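Listing of protein_20.cif; format and content: mmCIF, C-alpha atoms.
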data_target
#
loop_
_atom_site.label_atom_id
_atom_site.label_comp_id
_atom_site.auth_asym_id
_atom_site.auth_seq_id
_atom_site.Cartn_x
_atom_site.Cartn_y
_atom_site.Cartn_z
CA MET A 151 56.91 81.11 78.36
CA SER A 152 56.93 83.35 75.29
CA LYS A 153 58.50 86.18 77.30
CA ASN A 154 61.10 83.75 78.53
CA ILE A 155 61.93 82.81 74.92
CA ASN A 156 62.54 86.47 74.16
CA LEU A 157 65.01 86.62 77.03
CA TYR A 158 66.84 83.55 75.69
CA ILE A 159 67.02 85.17 72.26
CA LEU A 160 68.40 88.37 73.76
CA VAL A 161 71.13 86.50 75.65
CA MET A 162 72.00 84.50 72.53
CA PHE A 163 72.31 87.74 70.57
CA ALA A 164 74.43 89.48 73.23
CA VAL A 165 76.95 86.65 73.46
CA THR A 166 77.16 86.13 69.69
CA TYR A 167 77.68 89.82 68.99
CA LEU A 168 80.32 90.24 71.72
CA ILE A 169 82.37 87.38 70.26
CA ARG A 170 82.25 89.01 66.84
CA ALA A 171 82.87 92.55 68.02
CA LEU A 172 85.66 92.20 70.59
CA PRO A 173 88.65 91.36 68.34
CA VAL A 174 87.76 93.65 65.45
CA THR A 175 87.06 96.64 67.69
CA LEU A 176 89.98 96.12 70.08
CA ILE A 177 92.71 95.25 67.56
CA ARG A 178 93.01 98.49 65.63
CA ARG A 179 96.60 98.30 64.46
CA LYS A 180 98.30 96.00 62.04
CA ILE A 181 99.80 93.08 63.93
CA ARG A 182 103.62 93.18 63.65
CA SER A 183 104.61 89.69 64.77
CA PRO A 184 105.67 87.70 61.67
CA PHE A 185 104.30 84.52 63.23
CA LEU A 186 100.89 86.01 63.95
CA ARG A 187 100.73 87.66 60.54
CA SER A 188 101.52 84.35 58.82
CA PHE A 189 99.08 82.57 61.11
CA LEU A 190 96.25 84.96 60.22
CA TYR A 191 97.20 84.76 56.56
CA TYR A 192 96.56 81.02 56.59
CA VAL A 193 93.47 81.06 58.83
CA PRO A 194 90.84 81.71 56.14
CA TYR A 195 92.08 78.90 53.89
CA VAL A 196 92.21 76.34 56.65
CA THR A 197 88.96 77.31 58.31
CA LEU A 198 86.99 77.38 55.03
CA ALA A 199 88.51 74.10 53.86
CA VAL A 200 87.73 72.43 57.20
CA MET A 201 84.15 73.71 57.08
CA THR A 202 83.64 72.46 53.52
CA PHE A 203 84.78 68.88 53.90
CA PRO A 204 83.35 66.48 54.93
CA ALA A 205 80.28 68.68 55.63
CA ILE A 206 79.46 68.92 51.92
CA ILE A 207 78.98 65.16 51.61
CA GLU A 208 76.90 65.08 54.79
CA SER A 209 74.49 67.83 53.79
CA THR A 210 73.10 66.11 50.70
CA GLN A 211 70.69 63.17 50.57
CA THR A 212 73.47 60.83 49.55
CA PRO A 213 77.25 61.25 49.94
CA VAL A 214 77.74 60.54 46.20
CA SER A 215 75.95 63.70 45.08
CA GLY A 216 77.97 65.67 47.65
CA ILE A 217 81.23 64.28 46.28
CA LEU A 218 80.16 65.12 42.72
CA ALA A 219 79.29 68.66 43.80
CA LEU A 220 82.66 68.96 45.55
CA ALA A 221 84.52 67.81 42.44
CA ALA A 222 82.50 70.08 40.14
CA GLY A 223 83.00 73.05 42.47
CA ILE A 224 86.76 72.51 42.71
CA LEU A 225 87.08 72.25 38.92
CA ALA A 226 84.93 75.31 38.25
CA ALA A 227 86.82 77.37 40.85
CA TRP A 228 90.17 76.10 39.53
CA PHE A 229 89.27 77.45 36.11
CA GLY A 230 88.31 80.81 37.50
CA ARG A 231 84.51 80.72 37.55
CA SER A 232 82.81 83.37 39.70
CA LEU A 233 81.37 82.90 43.17
CA LEU A 234 77.81 82.73 41.89
CA GLN A 235 78.71 80.35 39.04
CA VAL A 236 80.53 77.91 41.31
CA ALA A 237 77.77 77.98 43.93
CA SER A 238 74.99 77.42 41.41
CA LEU A 239 76.91 74.69 39.59
CA CYS A 240 77.23 72.76 42.86
CA CYS A 241 73.47 73.04 43.43
CA VAL A 242 72.65 71.91 39.90
CA VAL A 243 75.02 68.94 40.14
CA VAL A 244 73.30 67.77 43.33
CA LEU A 245 69.83 68.28 41.88
CA ILE A 246 70.60 66.36 38.68
CA SER A 247 72.65 63.56 40.23
CA GLU A 248 70.04 62.90 42.91
CA PHE A 249 67.41 62.47 40.22
CA PHE A 250 69.40 59.49 38.98
CA ILE A 251 70.59 58.14 42.31
CA ILE A 252 67.44 58.41 44.38
CA MET B 282 89.79 102.93 45.83
CA ARG B 283 86.22 102.24 44.94
CA SER B 284 83.49 104.57 46.09
CA ASN B 285 81.37 103.38 48.98
CA GLN B 286 78.40 103.11 46.68
CA GLU B 287 80.24 100.86 44.25
CA ALA B 288 81.49 98.72 47.11
CA PHE B 289 77.95 98.43 48.47
CA ARG B 290 76.63 97.32 45.09
CA GLU B 291 79.48 94.85 44.65
CA GLY B 292 78.67 93.46 48.10
CA MET B 293 75.00 93.06 47.22
CA LYS B 294 75.96 91.10 44.11
CA ASP B 295 78.21 88.73 46.07
CA GLY B 296 75.53 88.52 48.74
CA VAL B 297 73.07 86.83 46.35
CA PRO B 298 74.58 83.30 46.39
CA ILE B 299 75.06 83.66 50.14
CA GLY B 300 71.45 84.71 50.62
CA LEU B 301 70.15 81.80 48.52
CA GLY B 302 72.22 79.32 50.48
CA TYR B 303 71.09 80.92 53.74
CA PHE B 304 67.48 80.75 52.69
CA ALA B 305 67.66 76.98 52.23
CA VAL B 306 69.56 76.35 55.46
CA ALA B 307 67.28 78.71 57.39
CA PHE B 308 64.31 76.55 56.43
CA ALA B 309 65.82 73.62 58.27
CA LEU B 310 66.71 75.88 61.17
CA GLY B 311 63.10 77.07 61.28
CA VAL B 312 61.92 73.54 61.91
CA ALA B 313 64.19 73.34 64.97
CA ALA B 314 62.95 76.76 66.08
CA ARG B 315 59.35 75.62 65.83
CA ASP B 316 60.11 72.56 67.94
CA ALA B 317 61.57 74.94 70.54
CA GLY B 318 58.28 76.84 70.59
CA LEU B 319 59.31 79.99 68.72
CA SER B 320 56.73 81.94 66.77
CA PRO B 321 57.64 82.99 63.20
CA VAL B 322 58.24 86.53 64.46
CA GLN B 323 60.55 85.31 67.21
CA GLY B 324 62.39 83.15 64.69
CA PHE B 325 62.79 86.15 62.38
CA ILE B 326 64.15 88.29 65.22
CA ALA B 327 66.49 85.58 66.53
CA SER B 328 67.96 85.10 63.04
CA ILE B 329 68.26 88.77 62.10
CA LEU B 330 70.04 89.41 65.42
CA CYS B 331 72.32 86.38 65.55
CA LEU B 332 73.07 85.41 61.93
CA ALA B 333 74.52 82.11 63.09
CA SER B 334 73.38 78.72 61.86
CA ALA B 335 75.05 76.29 64.24
CA GLY B 336 74.94 78.82 67.06
CA GLU B 337 71.22 79.42 66.67
CA TYR B 338 70.48 75.74 66.27
CA ALA B 339 72.24 75.04 69.55
CA GLY B 340 70.45 77.98 71.14
CA PHE B 341 67.07 76.62 70.07
CA THR B 342 67.84 73.26 71.64
CA VAL B 343 68.60 75.10 74.88
CA ILE B 344 65.26 76.90 74.65
CA ALA B 345 63.49 73.63 73.82
CA ALA B 346 64.97 72.02 76.92
CA ALA B 347 64.24 75.15 79.00
CA SER B 348 67.80 74.89 80.31
CA PRO B 349 69.25 77.49 82.67
CA MET B 350 70.38 80.77 81.10
CA PHE B 351 74.09 80.16 81.81
CA GLU B 352 73.85 77.15 79.52
CA MET B 353 72.70 79.44 76.72
CA VAL B 354 75.71 81.68 77.38
CA LEU B 355 78.12 78.74 77.47
CA ILE B 356 76.84 76.96 74.37
CA THR B 357 76.68 80.16 72.33
CA LEU B 358 80.23 80.98 73.40
CA ILE B 359 81.63 77.58 72.47
CA ILE B 360 79.84 77.15 69.16
CA ASN B 361 80.55 80.67 67.96
CA ALA B 362 84.12 80.91 69.25
CA ARG B 363 85.47 80.56 65.70
CA TYR B 364 84.17 84.08 65.08
CA LEU B 365 86.90 85.28 67.45
CA LEU B 366 89.46 84.07 64.91
CA MET B 367 87.56 85.48 61.96
CA SER B 368 87.06 88.80 63.71
CA THR B 369 90.81 88.98 64.37
CA ALA B 370 91.50 88.29 60.69
CA VAL B 371 88.99 90.98 59.70
CA SER B 372 90.70 93.45 62.06
CA GLN B 373 93.81 93.12 59.90
CA LYS B 374 91.82 93.64 56.74
CA LEU B 375 90.46 97.03 57.79
CA SER B 376 92.34 100.29 57.33
CA GLU B 377 93.74 101.68 60.60
CA LYS B 378 92.11 105.00 59.78
CA ILE B 379 88.59 103.65 59.54
CA ARG B 380 85.92 105.21 61.80
CA PRO B 381 85.35 102.99 64.87
CA VAL B 382 81.62 102.83 64.20
CA HIS B 383 82.38 100.77 61.09
CA ARG B 384 84.22 98.21 63.21
CA PHE B 385 81.01 97.65 65.18
CA GLY B 386 79.06 97.50 61.93
CA VAL B 387 81.36 95.01 60.21
CA ALA B 388 81.43 92.87 63.37
CA TYR B 389 77.67 92.37 63.14
CA PHE B 390 78.05 90.65 59.77
CA ILE B 391 80.91 88.26 60.62
CA THR B 392 79.51 84.94 59.45
CA ASP B 393 81.37 82.05 57.82
CA GLU B 394 80.16 83.10 54.38
CA ILE B 395 80.49 86.88 54.58
CA PHE B 396 83.91 86.37 56.13
CA ALA B 397 84.83 84.29 53.10
CA ILE B 398 83.94 86.99 50.57
CA GLU B 399 85.55 89.69 52.73
CA MET B 400 88.84 87.83 52.63
CA TRP B 401 88.37 87.58 48.89
CA GLN B 402 88.54 91.37 48.52
CA LYS B 403 91.69 92.95 47.18
CA GLY B 404 93.50 95.21 49.62
CA ASN B 405 91.70 96.77 52.56
CA LEU B 406 88.08 95.86 53.17
CA ASN B 407 85.57 98.62 52.50
CA PRO B 408 82.89 98.25 55.22
CA PHE B 409 80.23 99.15 52.68
CA TYR B 410 81.04 95.96 50.79
CA THR B 411 80.14 94.04 53.95
CA TYR B 412 76.97 96.09 54.44
CA GLY B 413 75.93 95.39 50.84
CA ALA B 414 76.36 91.65 51.25
CA GLY B 415 74.63 91.71 54.64
CA THR B 416 71.69 93.72 53.31
CA VAL B 417 70.94 90.93 50.85
CA ALA B 418 71.92 87.90 52.91
CA ALA B 419 70.66 88.72 56.42
CA PRO B 420 66.97 89.30 55.54
CA LEU B 421 66.92 86.09 53.48
CA TRP B 422 68.32 84.25 56.48
CA ALA B 423 65.67 85.70 58.79
CA ILE B 424 62.78 85.25 56.34
CA GLY B 425 63.92 81.69 55.68
CA THR B 426 63.82 80.96 59.42
CA ALA B 427 60.34 82.44 59.79
CA LEU B 428 59.07 80.51 56.75
CA GLY B 429 60.69 77.36 58.10
CA ILE B 430 58.68 77.78 61.29
CA LEU B 431 55.51 78.29 59.25
CA VAL B 432 55.86 75.69 56.49
CA GLY B 433 59.31 74.10 56.85
CA ASN B 434 58.09 70.59 56.25
CA LEU B 435 56.49 71.51 52.90
CA MET B 436 59.73 72.31 51.06
CA PRO B 437 60.70 69.45 48.68
CA VAL B 438 63.62 67.44 50.09
CA ARG B 439 65.38 67.46 46.72
CA LEU B 440 65.44 71.24 46.66
CA VAL B 441 66.70 71.55 50.23
CA SER B 442 69.43 69.04 49.47
CA ALA B 443 70.53 70.89 46.32
CA LEU B 444 70.48 74.35 47.89
CA SER B 445 72.37 73.19 50.95
CA VAL B 446 75.62 72.88 48.95
CA ALA B 447 75.48 76.49 47.69
CA LEU B 448 77.47 77.72 50.67
CA PHE B 449 80.17 75.08 50.24
CA GLY B 450 80.42 75.99 46.56
CA MET B 451 81.14 79.54 47.63
CA PHE B 452 83.86 78.45 50.01
CA LEU B 453 85.49 76.55 47.14
CA ALA B 454 85.31 79.61 44.89
CA VAL B 455 87.26 81.50 47.57
CA ILE B 456 89.98 78.98 48.47
CA ILE B 457 90.67 77.16 45.19
CA PRO B 458 91.93 79.97 42.90
CA PRO B 459 94.69 81.04 45.35
CA ALA B 460 95.54 77.35 45.85
CA ARG B 461 96.13 77.08 42.12
CA LYS B 462 98.64 79.92 42.26
CA ASP B 463 100.41 79.03 45.50
CA ARG B 464 101.59 75.49 46.12
CA ILE B 465 101.77 76.00 49.91
CA ILE B 466 98.08 76.95 50.03
CA LEU B 467 97.19 74.04 47.75
CA VAL B 468 98.88 71.55 50.08
CA LEU B 469 97.38 73.27 53.11
CA VAL B 470 93.87 73.01 51.67
CA ILE B 471 94.34 69.31 50.88
CA ILE B 472 95.70 68.64 54.38
CA SER B 473 92.79 70.61 55.86
CA PHE B 474 90.28 68.47 53.96
CA ALA B 475 92.00 65.28 55.09
CA ALA B 476 92.41 66.39 58.70
CA SER B 477 88.81 67.56 58.90
CA PHE B 478 87.59 64.24 57.55
CA ALA B 479 89.80 62.30 59.95
CA ALA B 480 88.73 64.41 62.91
CA SER B 481 85.07 63.77 62.16
CA ARG B 482 85.70 60.01 62.23
CA LEU B 483 88.39 59.45 64.85
CA PRO B 484 87.40 58.43 68.38
CA TYR B 485 87.38 61.27 70.97
CA LEU B 486 87.85 63.94 68.29
CA ASN B 487 84.45 63.12 66.81
CA LEU B 488 82.89 63.82 70.20
CA LEU B 489 83.76 67.49 69.81
CA SER B 490 81.09 69.74 68.35
CA THR B 491 81.62 70.76 64.73
CA GLY B 492 82.39 74.31 65.86
CA ASN B 493 85.11 73.16 68.23
CA ARG B 494 86.65 70.87 65.65
CA ILE B 495 86.85 73.83 63.26
CA ILE B 496 88.62 75.94 65.89
CA LEU B 497 91.02 73.19 66.92
CA LEU B 498 92.04 72.32 63.36
CA THR B 499 92.25 75.95 62.26
CA ILE B 500 94.60 76.89 65.10
CA LEU B 501 96.69 73.74 64.75
CA LEU B 502 97.11 73.76 60.96
CA SER B 503 97.50 77.53 60.55
CA ALA B 504 100.12 77.59 63.30
CA CYS B 505 102.07 74.73 61.68
CA ALA B 506 101.93 76.48 58.30
CA ALA B 507 103.02 79.77 59.88
CA ILE B 508 106.01 78.10 61.53
CA LEU B 509 107.07 76.06 58.49
CA PHE B 510 106.30 78.63 55.80
CA PRO B 511 106.32 82.14 57.29
CA HIS B 512 104.50 84.39 54.90
CA PRO B 513 106.81 87.08 53.49
CA GLU B 514 106.29 90.45 55.13
CA GLU B 515 104.88 93.17 52.96
CA GLU B 516 103.24 96.28 54.27
CA ASP B 517 100.31 96.58 51.91
CA GLU B 518 99.77 92.99 51.12
CA GLU B 519 96.30 91.56 50.79
CA PRO B 520 95.62 88.29 52.64
CA LEU B 521 93.81 86.71 49.73
CA GLU B 522 94.29 87.48 46.10
CA GLN B 523 91.16 88.14 44.19
CA ASN B 524 90.61 85.92 41.27
CA VAL B 525 89.93 88.18 38.29
#
How would this structure read if it were set down as structure tokens?
Amino acid sequence: MSKNINLYILVMFAVTYLIRALPVTLIRRKIRSPFLRSFLYYVPYVTLAVMTFPAIIESTQTPVSGILALAAGILAAWFGRSLLQVASLCCVVVLISEFFII
Amino acid sequence: MRSNQEAFREGMKDGVPIGLGYFAVAFALGVAARDAGLSPVQGFIASILCLASAGEYAGFTVIAAASPMFEMVLITLIINARYLLMSTAVSQKLSEKIRPVHRFGVAYFITDEIFAIEMWQKGNLNPFYTYGAGTVAAPLWAIGTALGILVGNLMPVRLVSALSVALFGMFLAVIIPPARKDRIILVLVIISFAASFAASRLPYLNLLSTGNRIILLTILLSACAAILFPHPEEEDEEPLEQNV
């Protein structure tokens, strides 16, 4: 059984790494197509935004603390706080607000 | 151009919030790994090799169910398919002159979070920046998984809840400053939030796995934005402006 688990892990690793490695190793030139360039320019914003919401309000004990963290994070980032500052502020907001809510 | 050493150090610094967020999430993942029968060592190895939260979680459920191996291949493919998009974006962020070995190295560290800070870099991506971030974040991810298998249920719920938003905070730090400068990005981010929320609630769409919803919405919304607002062509342009 334990040996079998190792095999599963190996397969999981192989597939995951191939997905990550294929595009970045095969596409070695700058893409010329204006559409594709614009598309790739927008991809990070959309994909990160989609991953953030509504996941942020589903990851906390109550949606309210998640919404507060979202609002605090947006404000802090809007006013140019660093990566670490924004991330820690969100954590602190959840910690404090959940003390009052729960 | 920064020296590789400076880039590595910079990466380590930015890897700290990622690592802390990973550590918390990995705890929860460790509990799933334990249910699947993994030892702490196996959990450590699975996490250091795969660096994928949703992907690993799905993988552990396959192991727990002792499903056929092709199911492991299929599920891993589907859940991690968004890395194809990220990897393509990263390919455009690397200098054409870079040694191929670095492409294989950078590929190893394509995760949602490391991708985010890579796109945050001004100009071309120095692979050593990625290695720096990975050196901090990856071990914390793997150690967190192993600890989760050992003592996952002992971590206070309040702490897990608070730490779990660290990664989302980072995403905000990456997308909000450019949105402030560029109205198109601002609107796009708001639409992405709304569409993502709607997709998680609407019938049929909410049956898709989170990973597939991310892919579907990313392709759809980015394509619409690219058609409506083609981004002006500039040779040496950086995809995301760094917020200094």
Out of B:Arg384, B:Arg290, B:Arg363, B:Arg461, which residue has the shortest atom-to-atom distance to A:Leu176 when counting all atoms listed in the file?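 Selected residue with least distance to A:Leu176: B:Arg384.
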Determine the residue membership of the PyMOL selection byres ((chain A and resi 246) around 12) for the file above and supply it as a PyMOL selection string. (chain A and resi 214-216+218-219+239-245+247-252) or (chain B and resi 439-440+442-443)
Provide as JSON, numbers by chain the residues of chain A at most 7 Å from chain B, counting only C-alpha atoms. {"A": [155, 158, 159, 161, 162, 163, 165, 166, 167, 169, 170, 171, 173, 174, 175, 177, 178, 179, 180, 185, 188, 189, 190, 191, 192, 193, 195, 196, 197, 198, 199, 200, 201, 202, 203, 204, 206, 209, 210, 211, 223, 224, 227, 228, 230, 232, 233, 234, 236, 237, 238, 240, 241, 242, 244, 245]}
Could you state the separation of atom CA of B:Ser334 and atom CA of B:Pro420 in Å, given to one decimal place?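 About the pair atom CA of B:Ser334 and atom CA of B:Pro420: they are 13.9 Å apart.
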When the PyMOL selection byres ((chain B and resi 422) around 7) is applied to the structure above, which residues does it catch, written out as an MDAnalysis selection string? chainID B and resid 300 303:304 307 328 418:421 423:426
Those selected residues, please, written with C-alpha atoms and delivered as a tab-separated table (two decimals), keeping the file's coordinate frame.
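Output saved as selection-v2.tsv:
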chain	number	residue	atom	x	y	z
B	300	GLY	CA	71.45	84.71	50.62
B	303	TYR	CA	71.09	80.92	53.74
B	304	PHE	CA	67.48	80.75	52.69
B	307	ALA	CA	67.28	78.71	57.39
B	328	SER	CA	67.96	85.10	63.04
B	418	ALA	CA	71.92	87.90	52.91
B	419	ALA	CA	70.66	88.72	56.42
B	420	PRO	CA	66.97	89.30	55.54
B	421	LEU	CA	66.92	86.09	53.48
B	423	ALA	CA	65.67	85.70	58.79
B	424	ILE	CA	62.78	85.25	56.34
B	425	GLY	CA	63.92	81.69	55.68
B	426	THR	CA	63.82	80.96	59.42
As an exercise, work out the distance from atom CA of B:Gly433 to atom CA of B:Phe325 in Å and give it to one decimal place.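 According to the coordinates, atom CA of B:Gly433 and atom CA of B:Phe325 are separated by 13.7 Å.
Nearest residue to B:Val322 among B:Val417, B:Leu406, B:Ala309, B:Ile430 is B:Ile430, counting only C-alpha atoms.
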Computed interatomic separation between atom CA of B:Phe308 and atom CA of B:Leu431 (Å): 9.4 Å
Taking into account all atoms listed in the file, which residue in the set B:Met436, B:Leu486, B:Ile359, B:Ile395 is nearest to B:Thr416? B:Ile395
From the block you just saw, export stretch 197-222 of chain A: N, CA and C atoms, as a JSON list (two decimals), in the first residue's frame.
[["chain", "number", "residue", "atom", "x", "y", "z"],
["A", 197, "THR", "N", -7.02, 36.32, -13.63],
["A", 197, "THR", "CA", -6.90, 35.06, -12.93],
["A", 197, "THR", "C", -6.71, 35.28, -11.42],
["A", 198, "LEU", "N", -5.93, 36.31, -11.04],
["A", 198, "LEU", "CA", -5.73, 36.57, -9.61],
["A", 198, "LEU", "C", -7.01, 37.12, -8.98],
["A", 199, "ALA", "N", -7.73, 37.97, -9.71],
["A", 199, "ALA", "CA", -8.98, 38.51, -9.18],
["A", 199, "ALA", "C", -10.00, 37.38, -8.99],
["A", 200, "VAL", "N", -10.09, 36.50, -9.98],
["A", 200, "VAL", "CA", -11.05, 35.39, -9.91],
["A", 200, "VAL", "C", -10.71, 34.45, -8.75],
["A", 201, "MET", "N", -9.41, 34.25, -8.51],
["A", 201, "MET", "CA", -9.01, 33.36, -7.43],
["A", 201, "MET", "C", -9.25, 33.99, -6.05],
["A", 202, "THR", "N", -9.23, 35.33, -5.99],
["A", 202, "THR", "CA", -9.38, 36.00, -4.70],
["A", 202, "THR", "C", -10.82, 36.02, -4.21],
["A", 203, "PHE", "N", -11.73, 36.32, -5.12],
["A", 203, "PHE", "CA", -13.12, 36.47, -4.74],
["A", 203, "PHE", "C", -13.99, 35.49, -5.52],
["A", 204, "PRO", "N", -14.90, 34.78, -4.89],
["A", 204, "PRO", "CA", -15.31, 34.86, -3.47],
["A", 204, "PRO", "C", -14.50, 33.98, -2.51],
["A", 205, "ALA", "N", -13.38, 33.38, -2.98],
["A", 205, "ALA", "CA", -12.65, 32.44, -2.11],
["A", 205, "ALA", "C", -12.28, 33.05, -0.76],
["A", 206, "ILE", "N", -11.96, 34.35, -0.75],
["A", 206, "ILE", "CA", -11.51, 34.98, 0.50],
["A", 206, "ILE", "C", -12.60, 34.96, 1.56],
["A", 207, "ILE", "N", -13.87, 35.07, 1.15],
["A", 207, "ILE", "CA", -14.93, 35.06, 2.16],
["A", 207, "ILE", "C", -15.35, 33.63, 2.52],
["A", 208, "GLU", "N", -14.83, 32.66, 1.76],
["A", 208, "GLU", "CA", -15.16, 31.27, 2.06],
["A", 208, "GLU", "C", -14.07, 30.59, 2.88],
["A", 209, "SER", "N", -12.92, 31.25, 2.99],
["A", 209, "SER", "CA", -11.80, 30.60, 3.68],
["A", 209, "SER", "C", -11.78, 30.94, 5.16],
["A", 210, "THR", "N", -12.51, 31.98, 5.56],
["A", 210, "THR", "CA", -12.52, 32.36, 6.97],
["A", 210, "THR", "C", -13.68, 31.67, 7.70],
["A", 211, "GLN", "N", -13.71, 31.82, 9.02],
["A", 211, "GLN", "CA", -14.76, 31.15, 9.80],
["A", 211, "GLN", "C", -16.13, 31.75, 9.51],
["A", 212, "THR", "N", -16.16, 33.05, 9.27],
["A", 212, "THR", "CA", -17.41, 33.67, 8.88],
["A", 212, "THR", "C", -17.16, 34.59, 7.69],
["A", 213, "PRO", "N", -18.14, 34.70, 6.78],
["A", 213, "PRO", "CA", -17.94, 35.54, 5.59],
["A", 213, "PRO", "C", -17.62, 36.99, 5.96],
["A", 214, "VAL", "N", -18.18, 37.48, 7.10],
["A", 214, "VAL", "CA", -17.99, 38.88, 7.46],
["A", 214, "VAL", "C", -16.51, 39.22, 7.62],
["A", 215, "SER", "N", -15.77, 38.36, 8.33],
["A", 215, "SER", "CA", -14.35, 38.65, 8.54],
["A", 215, "SER", "C", -13.60, 38.61, 7.20],
["A", 216, "GLY", "N", -14.05, 37.74, 6.30],
["A", 216, "GLY", "CA", -13.43, 37.68, 4.97],
["A", 216, "GLY", "C", -13.67, 38.96, 4.19],
["A", 217, "ILE", "N", -14.90, 39.48, 4.28],
["A", 217, "ILE", "CA", -15.22, 40.73, 3.58],
["A", 217, "ILE", "C", -14.41, 41.89, 4.15],
["A", 218, "LEU", "N", -14.28, 41.92, 5.49],
["A", 218, "LEU", "CA", -13.48, 42.97, 6.12],
["A", 218, "LEU", "C", -12.02, 42.89, 5.66],
["A", 219, "ALA", "N", -11.50, 41.66, 5.60],
["A", 219, "ALA", "CA", -10.12, 41.49, 5.16],
["A", 219, "ALA", "C", -9.96, 41.94, 3.70],
["A", 220, "LEU", "N", -10.95, 41.61, 2.88],
["A", 220, "LEU", "CA", -10.93, 42.02, 1.47],
["A", 220, "LEU", "C", -10.88, 43.54, 1.35],
["A", 221, "ALA", "N", -11.78, 44.20, 2.12],
["A", 221, "ALA", "CA", -11.84, 45.66, 2.07],
["A", 221, "ALA", "C", -10.53, 46.28, 2.56],
["A", 222, "ALA", "N", -10.02, 45.76, 3.68],
["A", 222, "ALA", "CA", -8.76, 46.29, 4.23],
["A", 222, "ALA", "C", -7.61, 46.08, 3.24]]
